[in-house]
>>> print(open('model-v3.txt').read())   # compact mmCIF, N, CA, C and O atoms
# COMPACT_ATOMS: atom_id res chain seq x y z
N SER A 78 0.84 -1.19 0.00
CA SER A 78 0.00 0.00 0.00
C SER A 78 0.88 1.24 0.00
O SER A 78 1.94 1.26 0.61
N THR A 79 0.45 2.27 -0.67
CA THR A 79 1.24 3.49 -0.75
C THR A 79 0.90 4.40 0.42
O THR A 79 -0.22 4.43 0.90
N TYR A 80 1.90 5.11 0.86
CA TYR A 80 1.74 6.05 1.97
C TYR A 80 1.07 7.30 1.41
O TYR A 80 1.57 7.92 0.48
N ASN A 81 -0.07 7.66 1.95
CA ASN A 81 -0.78 8.83 1.47
C ASN A 81 -0.68 9.94 2.51
O ASN A 81 -1.36 9.90 3.53
N VAL A 82 0.20 10.90 2.24
CA VAL A 82 0.46 11.99 3.18
C VAL A 82 -0.80 12.79 3.49
O VAL A 82 -1.06 13.11 4.65
N ALA A 83 -1.60 13.08 2.49
CA ALA A 83 -2.82 13.87 2.72
C ALA A 83 -3.75 13.17 3.70
O ALA A 83 -4.29 13.80 4.62
N ASN A 84 -3.92 11.85 3.52
CA ASN A 84 -4.78 11.11 4.46
C ASN A 84 -4.20 11.12 5.86
O ASN A 84 -4.94 11.25 6.84
N GLU A 85 -2.89 10.95 5.97
CA GLU A 85 -2.25 10.95 7.29
C GLU A 85 -2.42 12.30 7.98
O GLU A 85 -2.69 12.37 9.17
N ILE A 86 -2.26 13.37 7.23
CA ILE A 86 -2.40 14.72 7.79
C ILE A 86 -3.83 14.92 8.29
O ILE A 86 -4.07 15.38 9.40
N ARG A 87 -4.81 14.54 7.47
CA ARG A 87 -6.21 14.68 7.85
C ARG A 87 -6.55 13.81 9.06
O ARG A 87 -7.16 14.27 10.02
N ASN A 88 -6.13 12.55 9.02
CA ASN A 88 -6.45 11.62 10.12
C ASN A 88 -5.81 12.06 11.44
O ASN A 88 -6.45 12.01 12.49
N TYR A 89 -4.55 12.49 11.38
CA TYR A 89 -3.90 12.93 12.62
C TYR A 89 -4.54 14.20 13.14
O TYR A 89 -4.73 14.37 14.34
N GLY A 90 -4.93 15.09 12.23
CA GLY A 90 -5.62 16.31 12.63
C GLY A 90 -6.92 16.01 13.35
O GLY A 90 -7.26 16.63 14.35
N ARG A 91 -7.67 15.03 12.85
CA ARG A 91 -8.91 14.61 13.52
C ARG A 91 -8.61 14.02 14.90
O ARG A 91 -9.32 14.29 15.86
N PHE A 92 -7.58 13.18 14.96
CA PHE A 92 -7.18 12.54 16.21
C PHE A 92 -6.81 13.58 17.27
O PHE A 92 -7.20 13.48 18.42
N LEU A 93 -6.12 14.62 16.83
CA LEU A 93 -5.73 15.70 17.75
C LEU A 93 -6.92 16.56 18.17
O LEU A 93 -6.91 17.13 19.25
N GLY A 94 -7.88 16.69 17.28
CA GLY A 94 -8.96 17.64 17.50
C GLY A 94 -8.64 18.95 16.80
O GLY A 94 -9.18 20.00 17.15
N GLY A 95 -7.76 18.89 15.81
CA GLY A 95 -7.38 20.08 15.05
C GLY A 95 -5.93 20.46 15.32
O GLY A 95 -5.41 20.22 16.39
N TYR A 96 -5.31 21.05 14.34
CA TYR A 96 -3.93 21.51 14.48
C TYR A 96 -3.90 22.93 15.04
O TYR A 96 -4.77 23.73 14.74
N VAL A 97 -2.89 23.21 15.86
CA VAL A 97 -2.67 24.57 16.34
C VAL A 97 -1.31 25.09 15.90
O VAL A 97 -1.04 26.27 16.01
N SER A 98 -0.47 24.19 15.38
CA SER A 98 0.88 24.57 14.95
C SER A 98 1.33 23.68 13.80
O SER A 98 1.06 22.47 13.81
N VAL A 99 2.03 24.25 12.86
CA VAL A 99 2.59 23.48 11.75
C VAL A 99 3.57 22.44 12.27
O VAL A 99 3.73 21.37 11.70
N ASP A 100 4.22 22.72 13.40
CA ASP A 100 5.19 21.78 13.97
C ASP A 100 4.56 20.45 14.37
O ASP A 100 5.25 19.45 14.50
N GLN A 101 3.25 20.43 14.54
CA GLN A 101 2.58 19.17 14.87
C GLN A 101 2.66 18.17 13.72
O GLN A 101 2.51 16.97 13.94
N LEU A 102 2.92 18.63 12.51
CA LEU A 102 3.09 17.72 11.38
C LEU A 102 4.29 16.80 11.60
O LEU A 102 4.32 15.68 11.09
N ASP A 103 5.27 17.26 12.39
CA ASP A 103 6.44 16.43 12.70
C ASP A 103 6.07 15.18 13.49
O ASP A 103 6.84 14.23 13.56
N GLU A 104 4.89 15.18 14.12
CA GLU A 104 4.45 14.04 14.92
C GLU A 104 3.89 12.92 14.06
O GLU A 104 3.64 11.83 14.55
N ILE A 105 3.69 13.18 12.77
CA ILE A 105 3.17 12.16 11.85
C ILE A 105 4.33 11.32 11.36
O ILE A 105 5.30 11.85 10.80
N PRO A 106 4.26 10.00 11.56
CA PRO A 106 5.36 9.14 11.09
C PRO A 106 5.57 9.30 9.59
O PRO A 106 4.62 9.39 8.82
N ASP A 107 6.83 9.40 9.19
CA ASP A 107 7.22 9.50 7.79
C ASP A 107 6.77 10.79 7.08
O ASP A 107 6.78 10.85 5.86
N PHE A 108 6.34 11.79 7.85
CA PHE A 108 5.97 13.05 7.21
C PHE A 108 7.23 13.67 6.61
O PHE A 108 8.25 13.79 7.28
N PRO A 109 7.16 14.07 5.33
CA PRO A 109 8.35 14.68 4.70
C PRO A 109 8.60 16.09 5.25
O PRO A 109 7.88 17.02 4.91
N LYS A 110 9.59 16.22 6.10
CA LYS A 110 9.88 17.48 6.81
C LYS A 110 10.04 18.66 5.85
O LYS A 110 9.68 19.78 6.16
N GLU A 111 10.59 18.40 4.67
CA GLU A 111 10.82 19.48 3.71
C GLU A 111 9.51 20.07 3.18
O GLU A 111 9.50 21.17 2.64
N SER A 112 8.40 19.39 3.39
CA SER A 112 7.09 19.88 2.94
C SER A 112 6.46 20.85 3.93
O SER A 112 5.52 21.57 3.58
N LYS A 113 6.97 20.87 5.15
CA LYS A 113 6.34 21.67 6.21
C LYS A 113 6.23 23.15 5.85
O LYS A 113 5.26 23.80 6.21
N LYS A 114 7.19 23.66 5.09
CA LYS A 114 7.19 25.08 4.74
C LYS A 114 5.99 25.48 3.88
O LYS A 114 5.67 26.65 3.74
N TYR A 115 5.29 24.50 3.31
CA TYR A 115 4.13 24.78 2.47
C TYR A 115 2.81 24.81 3.25
O TYR A 115 1.76 25.03 2.67
N PHE A 116 2.89 24.57 4.55
CA PHE A 116 1.68 24.51 5.37
C PHE A 116 1.54 25.74 6.27
O PHE A 116 2.54 26.29 6.73
N VAL A 117 0.30 26.13 6.50
CA VAL A 117 -0.02 27.23 7.41
C VAL A 117 -1.26 26.81 8.20
O VAL A 117 -2.17 26.22 7.64
N ILE A 118 -1.27 27.09 9.48
CA ILE A 118 -2.47 26.88 10.29
C ILE A 118 -3.10 28.27 10.42
O ILE A 118 -2.69 29.08 11.23
N ALA A 119 -4.08 28.55 9.55
CA ALA A 119 -4.63 29.90 9.43
C ALA A 119 -5.45 30.32 10.65
O ALA A 119 -5.19 31.37 11.23
N SER A 120 -6.43 29.56 11.04
CA SER A 120 -7.25 29.91 12.20
C SER A 120 -7.44 28.68 13.07
O SER A 120 -8.41 27.97 12.91
N PRO A 121 -6.50 28.44 13.96
CA PRO A 121 -6.63 27.26 14.81
C PRO A 121 -7.90 27.33 15.64
O PRO A 121 -8.22 28.37 16.22
N ASN A 122 -8.64 26.25 15.65
CA ASN A 122 -9.86 26.17 16.43
C ASN A 122 -10.00 24.73 16.94
O ASN A 122 -10.89 24.01 16.50
N PRO A 123 -9.10 24.32 17.83
CA PRO A 123 -9.09 22.91 18.24
C PRO A 123 -10.32 22.52 19.07
O PRO A 123 -10.89 23.36 19.76
N VAL A 124 -10.67 21.26 18.98
CA VAL A 124 -11.71 20.69 19.82
C VAL A 124 -11.17 20.69 21.26
O VAL A 124 -10.03 20.29 21.49
N LYS A 125 -11.98 21.16 22.19
CA LYS A 125 -11.54 21.28 23.59
C LYS A 125 -11.99 20.09 24.43
O LYS A 125 -13.11 19.60 24.28
N LEU A 126 -11.11 19.65 25.31
CA LEU A 126 -11.41 18.59 26.27
C LEU A 126 -11.71 19.25 27.60
O LEU A 126 -10.91 20.04 28.09
N ASN A 127 -12.84 18.90 28.19
CA ASN A 127 -13.15 19.46 29.51
C ASN A 127 -12.52 18.56 30.56
O ASN A 127 -13.01 17.46 30.83
N VAL A 128 -11.42 19.03 31.15
CA VAL A 128 -10.68 18.21 32.10
C VAL A 128 -11.41 18.01 33.42
O VAL A 128 -11.00 17.18 34.22
N ASN A 129 -12.48 18.74 33.64
CA ASN A 129 -13.25 18.55 34.86
C ASN A 129 -14.40 17.56 34.69
O ASN A 129 -14.97 17.12 35.68
N ARG A 130 -14.73 17.23 33.46
CA ARG A 130 -15.88 16.35 33.21
C ARG A 130 -15.54 14.99 32.64
O ARG A 130 -16.25 14.03 32.88
N LEU A 131 -14.48 14.91 31.84
CA LEU A 131 -14.18 13.67 31.12
C LEU A 131 -13.62 12.59 32.03
O LEU A 131 -12.90 12.87 32.98
N SER A 132 -13.95 11.35 31.70
CA SER A 132 -13.46 10.20 32.46
C SER A 132 -12.00 9.92 32.09
O SER A 132 -11.49 10.44 31.08
N LEU A 133 -11.36 9.06 32.85
CA LEU A 133 -10.00 8.65 32.56
C LEU A 133 -9.91 8.11 31.13
O LEU A 133 -9.04 8.51 30.36
N ASN A 134 -10.82 7.23 30.75
CA ASN A 134 -10.79 6.64 29.40
C ASN A 134 -10.99 7.69 28.32
O ASN A 134 -10.36 7.62 27.26
N GLU A 135 -11.87 8.65 28.54
CA GLU A 135 -12.10 9.71 27.55
C GLU A 135 -10.86 10.60 27.42
O GLU A 135 -10.48 10.98 26.32
N LEU A 136 -10.24 10.92 28.55
CA LEU A 136 -9.05 11.77 28.53
C LEU A 136 -7.90 11.11 27.79
O LEU A 136 -7.23 11.73 26.96
N LYS A 137 -7.67 9.83 28.05
CA LYS A 137 -6.49 9.18 27.46
C LYS A 137 -6.63 8.88 25.97
O LYS A 137 -5.68 8.47 25.34
N ARG A 138 -7.79 9.14 25.40
CA ARG A 138 -7.95 8.99 23.95
C ARG A 138 -7.20 10.06 23.18
O ARG A 138 -6.89 9.89 22.01
N HIS A 139 -6.95 11.20 23.83
CA HIS A 139 -6.23 12.28 23.14
C HIS A 139 -4.75 11.90 23.02
O HIS A 139 -4.17 11.39 23.96
N PRO A 140 -4.15 12.16 21.85
CA PRO A 140 -2.75 11.76 21.66
C PRO A 140 -1.76 12.44 22.61
O PRO A 140 -0.65 11.94 22.80
N TYR A 141 -2.14 13.55 23.23
CA TYR A 141 -1.22 14.23 24.15
C TYR A 141 -1.45 13.84 25.61
O TYR A 141 -0.83 14.41 26.50
N ILE A 142 -2.36 12.90 25.87
CA ILE A 142 -2.63 12.47 27.25
C ILE A 142 -2.46 10.97 27.34
O ILE A 142 -3.22 10.21 26.73
N ASN A 143 -1.45 10.54 28.08
CA ASN A 143 -1.27 9.10 28.28
C ASN A 143 -2.08 8.64 29.51
O ASN A 143 -2.71 9.46 30.19
N TYR A 144 -2.05 7.36 29.77
CA TYR A 144 -2.82 6.80 30.89
C TYR A 144 -2.46 7.48 32.21
O TYR A 144 -3.33 7.85 33.00
N TYR A 145 -1.16 7.67 32.46
CA TYR A 145 -0.71 8.23 33.74
C TYR A 145 -1.14 9.69 33.90
O TYR A 145 -1.47 10.13 35.00
N GLN A 146 -1.13 10.42 32.81
CA GLN A 146 -1.59 11.81 32.86
C GLN A 146 -3.10 11.87 33.09
O GLN A 146 -3.57 12.69 33.88
N ALA A 147 -3.84 11.00 32.41
CA ALA A 147 -5.29 10.95 32.62
C ALA A 147 -5.60 10.61 34.07
O ALA A 147 -6.47 11.21 34.70
N LYS A 148 -4.85 9.65 34.62
CA LYS A 148 -5.05 9.25 36.01
C LYS A 148 -4.70 10.41 36.95
O LYS A 148 -5.41 10.66 37.93
N ALA A 149 -3.64 11.14 36.65
CA ALA A 149 -3.25 12.30 37.47
C ALA A 149 -4.36 13.36 37.47
O ALA A 149 -4.66 13.96 38.51
N ILE A 150 -5.00 13.58 36.31
CA ILE A 150 -6.09 14.55 36.21
C ILE A 150 -7.27 14.10 37.07
O ILE A 150 -7.81 14.87 37.87
N VAL A 151 -7.66 12.84 36.90
CA VAL A 151 -8.81 12.30 37.64
C VAL A 151 -8.52 12.30 39.15
O VAL A 151 -9.37 12.68 39.96
N ASP A 152 -7.31 11.90 39.54
CA ASP A 152 -6.93 11.89 40.96
C ASP A 152 -6.92 13.30 41.54
O ASP A 152 -7.37 13.53 42.65
N TYR A 153 -6.40 14.25 40.77
CA TYR A 153 -6.36 15.64 41.24
C TYR A 153 -7.78 16.14 41.51
O TYR A 153 -8.05 16.75 42.54
N ARG A 154 -8.68 15.87 40.57
CA ARG A 154 -10.08 16.31 40.75
C ARG A 154 -10.69 15.68 42.00
O ARG A 154 -11.39 16.34 42.75
N ARG A 155 -10.40 14.41 42.21
CA ARG A 155 -10.97 13.70 43.36
C ARG A 155 -10.44 14.30 44.67
O ARG A 155 -11.18 14.48 45.63
N LEU A 156 -9.17 14.64 44.69
CA LEU A 156 -8.54 15.13 45.92
C LEU A 156 -8.73 16.63 46.15
O LEU A 156 -8.81 17.08 47.28
N HIS A 157 -8.74 17.42 45.07
CA HIS A 157 -8.72 18.88 45.20
C HIS A 157 -9.89 19.61 44.57
O HIS A 157 -9.97 20.83 44.66
N GLY A 158 -10.76 18.89 43.86
CA GLY A 158 -11.88 19.56 43.21
C GLY A 158 -11.53 20.03 41.81
O GLY A 158 -10.63 19.49 41.18
N ARG A 159 -12.24 21.05 41.36
CA ARG A 159 -12.10 21.55 39.99
C ARG A 159 -10.67 21.96 39.63
O ARG A 159 -9.97 22.53 40.45
N ILE A 160 -10.34 21.69 38.40
CA ILE A 160 -9.08 22.17 37.84
C ILE A 160 -9.39 23.48 37.11
O ILE A 160 -10.32 23.54 36.31
N GLU A 161 -8.66 24.52 37.44
CA GLU A 161 -8.85 25.84 36.80
C GLU A 161 -7.74 26.13 35.80
O GLU A 161 -7.86 27.01 34.96
N SER A 162 -6.62 25.41 35.92
CA SER A 162 -5.46 25.60 35.04
C SER A 162 -4.62 24.34 35.05
O SER A 162 -4.49 23.69 36.09
N LEU A 163 -4.03 24.00 33.92
CA LEU A 163 -3.15 22.83 33.87
C LEU A 163 -1.93 23.03 34.76
O LEU A 163 -1.30 22.08 35.18
N ARG A 164 -1.61 24.29 35.05
CA ARG A 164 -0.46 24.57 35.93
C ARG A 164 -0.64 23.90 37.31
O ARG A 164 0.32 23.62 37.98
N GLN A 165 -1.91 23.67 37.68
CA GLN A 165 -2.16 22.99 38.96
C GLN A 165 -1.58 21.57 38.96
O GLN A 165 -1.35 21.01 40.01
N LEU A 166 -1.37 21.01 37.77
CA LEU A 166 -0.85 19.65 37.66
C LEU A 166 0.68 19.64 37.55
O LEU A 166 1.28 18.58 37.44
N SER A 167 1.31 20.81 37.59
CA SER A 167 2.75 20.89 37.34
C SER A 167 3.59 20.21 38.42
O SER A 167 4.75 19.91 38.18
N LEU A 168 3.02 19.94 39.59
CA LEU A 168 3.77 19.22 40.62
C LEU A 168 3.81 17.72 40.34
O LEU A 168 4.63 17.01 40.91
N SER A 169 2.95 17.25 39.45
CA SER A 169 2.94 15.84 39.08
C SER A 169 4.10 15.54 38.14
O SER A 169 4.33 16.28 37.19
N LYS A 170 4.81 14.45 38.39
CA LYS A 170 5.91 14.06 37.51
C LYS A 170 5.43 13.77 36.09
O LYS A 170 6.19 13.81 35.14
N ASP A 171 4.13 13.50 35.96
CA ASP A 171 3.57 13.19 34.64
C ASP A 171 3.28 14.43 33.80
O ASP A 171 2.90 14.32 32.64
N PHE A 172 3.42 15.62 34.40
CA PHE A 172 3.13 16.87 33.67
C PHE A 172 4.30 17.84 33.71
O PHE A 172 4.22 18.88 34.33
N PRO A 173 5.38 17.50 33.00
CA PRO A 173 6.47 18.47 32.88
C PRO A 173 5.97 19.68 32.07
O PRO A 173 4.95 19.59 31.38
N PRO A 174 6.65 20.82 32.17
CA PRO A 174 6.20 22.05 31.50
C PRO A 174 5.88 21.87 30.01
O PRO A 174 4.90 22.40 29.51
N GLU A 175 6.69 21.07 29.29
CA GLU A 175 6.43 20.90 27.86
C GLU A 175 5.13 20.13 27.59
O GLU A 175 4.42 20.41 26.61
N ALA A 176 4.78 19.20 28.46
CA ALA A 176 3.51 18.46 28.30
C ALA A 176 2.33 19.40 28.55
O ALA A 176 1.32 19.34 27.83
N ILE A 177 2.47 20.28 29.52
CA ILE A 177 1.40 21.24 29.82
C ILE A 177 1.21 22.21 28.65
O ILE A 177 0.10 22.44 28.20
N SER A 178 2.30 22.76 28.13
CA SER A 178 2.15 23.75 27.06
C SER A 178 1.64 23.11 25.77
O SER A 178 0.87 23.72 25.03
N ARG A 179 2.00 21.86 25.52
CA ARG A 179 1.52 21.17 24.32
C ARG A 179 0.01 20.89 24.41
O ARG A 179 -0.70 20.98 23.43
N LEU A 180 -0.45 20.58 25.61
CA LEU A 180 -1.85 20.23 25.81
C LEU A 180 -2.77 21.44 25.98
O LEU A 180 -3.95 21.38 25.66
N GLU A 181 -2.22 22.55 26.44
CA GLU A 181 -3.00 23.75 26.76
C GLU A 181 -4.05 24.17 25.72
O GLU A 181 -5.20 24.44 26.07
N PRO A 182 -3.72 24.19 24.41
CA PRO A 182 -4.72 24.63 23.43
C PRO A 182 -5.94 23.70 23.32
O PRO A 182 -6.95 24.07 22.76
N TYR A 183 -5.82 22.48 23.86
CA TYR A 183 -6.87 21.48 23.71
C TYR A 183 -7.73 21.31 24.95
O TYR A 183 -8.55 20.42 25.02
N VAL A 184 -7.55 22.20 25.94
CA VAL A 184 -8.21 22.01 27.22
C VAL A 184 -9.16 23.17 27.54
O VAL A 184 -8.87 24.32 27.23
N GLU A 185 -10.29 22.82 28.14
CA GLU A 185 -11.17 23.82 28.74
C GLU A 185 -11.52 23.35 30.14
O GLU A 185 -11.33 22.19 30.48
N TYR A 186 -12.04 24.27 30.96
CA TYR A 186 -12.25 23.96 32.39
C TYR A 186 -13.69 24.03 32.81
O TYR A 186 -14.50 24.65 32.33
>>> encode(input="model-v3.txt", output="structure tokens")
Amino acid sequence: STYNVANEIRNYGRFLGGYVSVDQLDEIPDFPKESKKYFVIASPNPVKLNVNRLSLNELKRHPYINYYQAKAIVDYRRLHGRIESLRQLSLSKDFPPEAISRLEPYVEY
């Protein structure tokens, strides 16, 4: 089967809930890096995840949230109540600063 870049770009974009940066194309396996200069994210409007409502299983479906991060979110809510900012999770080893900034555009409270 031939690798179809357009399908991969579309499918990964759906999986993410929309692109917010051209650099996210680097996350697609075998994406031709030299093509990135031809892409622009004109009006990012990503699908938002409500971190106060979604279950562990719903949270971990997002490519930027692994099982341990989903569990940390659910545990934090159980212990401390509503999450108002991802920065509240920064004390968790599962949420280094780069994980928080990557996830930020996809979260609502």
>>> atom_distance(input="model-v3.txt", atom1="atom CA of Leu102 of chain A", atom2="atom CA of Pro140 of chain A")
13.2 Å
>>> atom_distance(input="model-v3.txt", atom1="atom CA of Pro109 of chain A", atom2="atom CA of Val82 of chain A")
8.5 Å
>>> axis_aligned_box(input="model-v3.txt", around="segment 178-184 of chain A", padding_each_side="4 Å", output="JSON")
{"center_x": -3.4, "center_y": 22.4, "center_z": 25.4, "size_x": 19.5, "size_y": 12.4, "size_z": 13.4}
>>> closest_residue(input="model-v3.txt", among="A:Tyr186, A:Val128, A:Tyr89, A:Lys113", to="Arg154 of chain A", atoms="only N, CA, C and O atoms")
A:Val128
>>> atom_distance(input="model-v3.txt", atom1="atom CA of Arg138 of chain A", atom2="atom CA of Pro173 of chain A")
19.4 Å
>>> select_by_dssp(input="model-v3.txt", residues="segment 91-150 of chain A", states="alpha helix (DSSP H)", output="list in words")
Arg91, Phe92, Leu93, Leu133, Asn134, Glu135, Leu136, Tyr144, Tyr145, Gln146, Ala147, Lys148, Ala149 and Ile150 of chain A
>>> closest_residue(input="model-v3.txt", among="A:Glu104, A:Ile118, A:Leu136, A:Asn129", to="Gly158 of chain A", atoms="only C-alpha atoms")
A:Asn129
>>> closest_residue(input="model-v3.txt", among="A:Leu163, A:Leu180, A:Val151, A:Leu93", to="Leu131 of chain A", atoms="all atoms listed in the file")
A:Val151
>>> residues_around(input="model-v3.txt", residues="Gly90 of chain A", least_positions_apart="6", cutoff="10 Å", atoms="only C-alpha atoms", output="ChimeraX atom specification")
/A:84,96-97,101-102,105,123
>>> closest_residue(input="model-v3.txt", among="A:Glu185, A:Arg87, A:Ile142, A:Arg179", to="Ser162 of chain A", atoms="all atoms listed in the file")
A:Glu185
>>> closest_residue(input="model-v3.txt", among="A:Ala176, A:Ala83, A:Ala119, A:Ala149", to="Leu133 of chain A", atoms="only N, CA, C and O atoms")
A:Ala149
>>> closest_residue(input="model-v3.txt", among="A:Asp152, A:Ser178, A:Gly95, A:Lys137", to="Asn122 of chain A", atoms="all atoms listed in the file")
A:Gly95
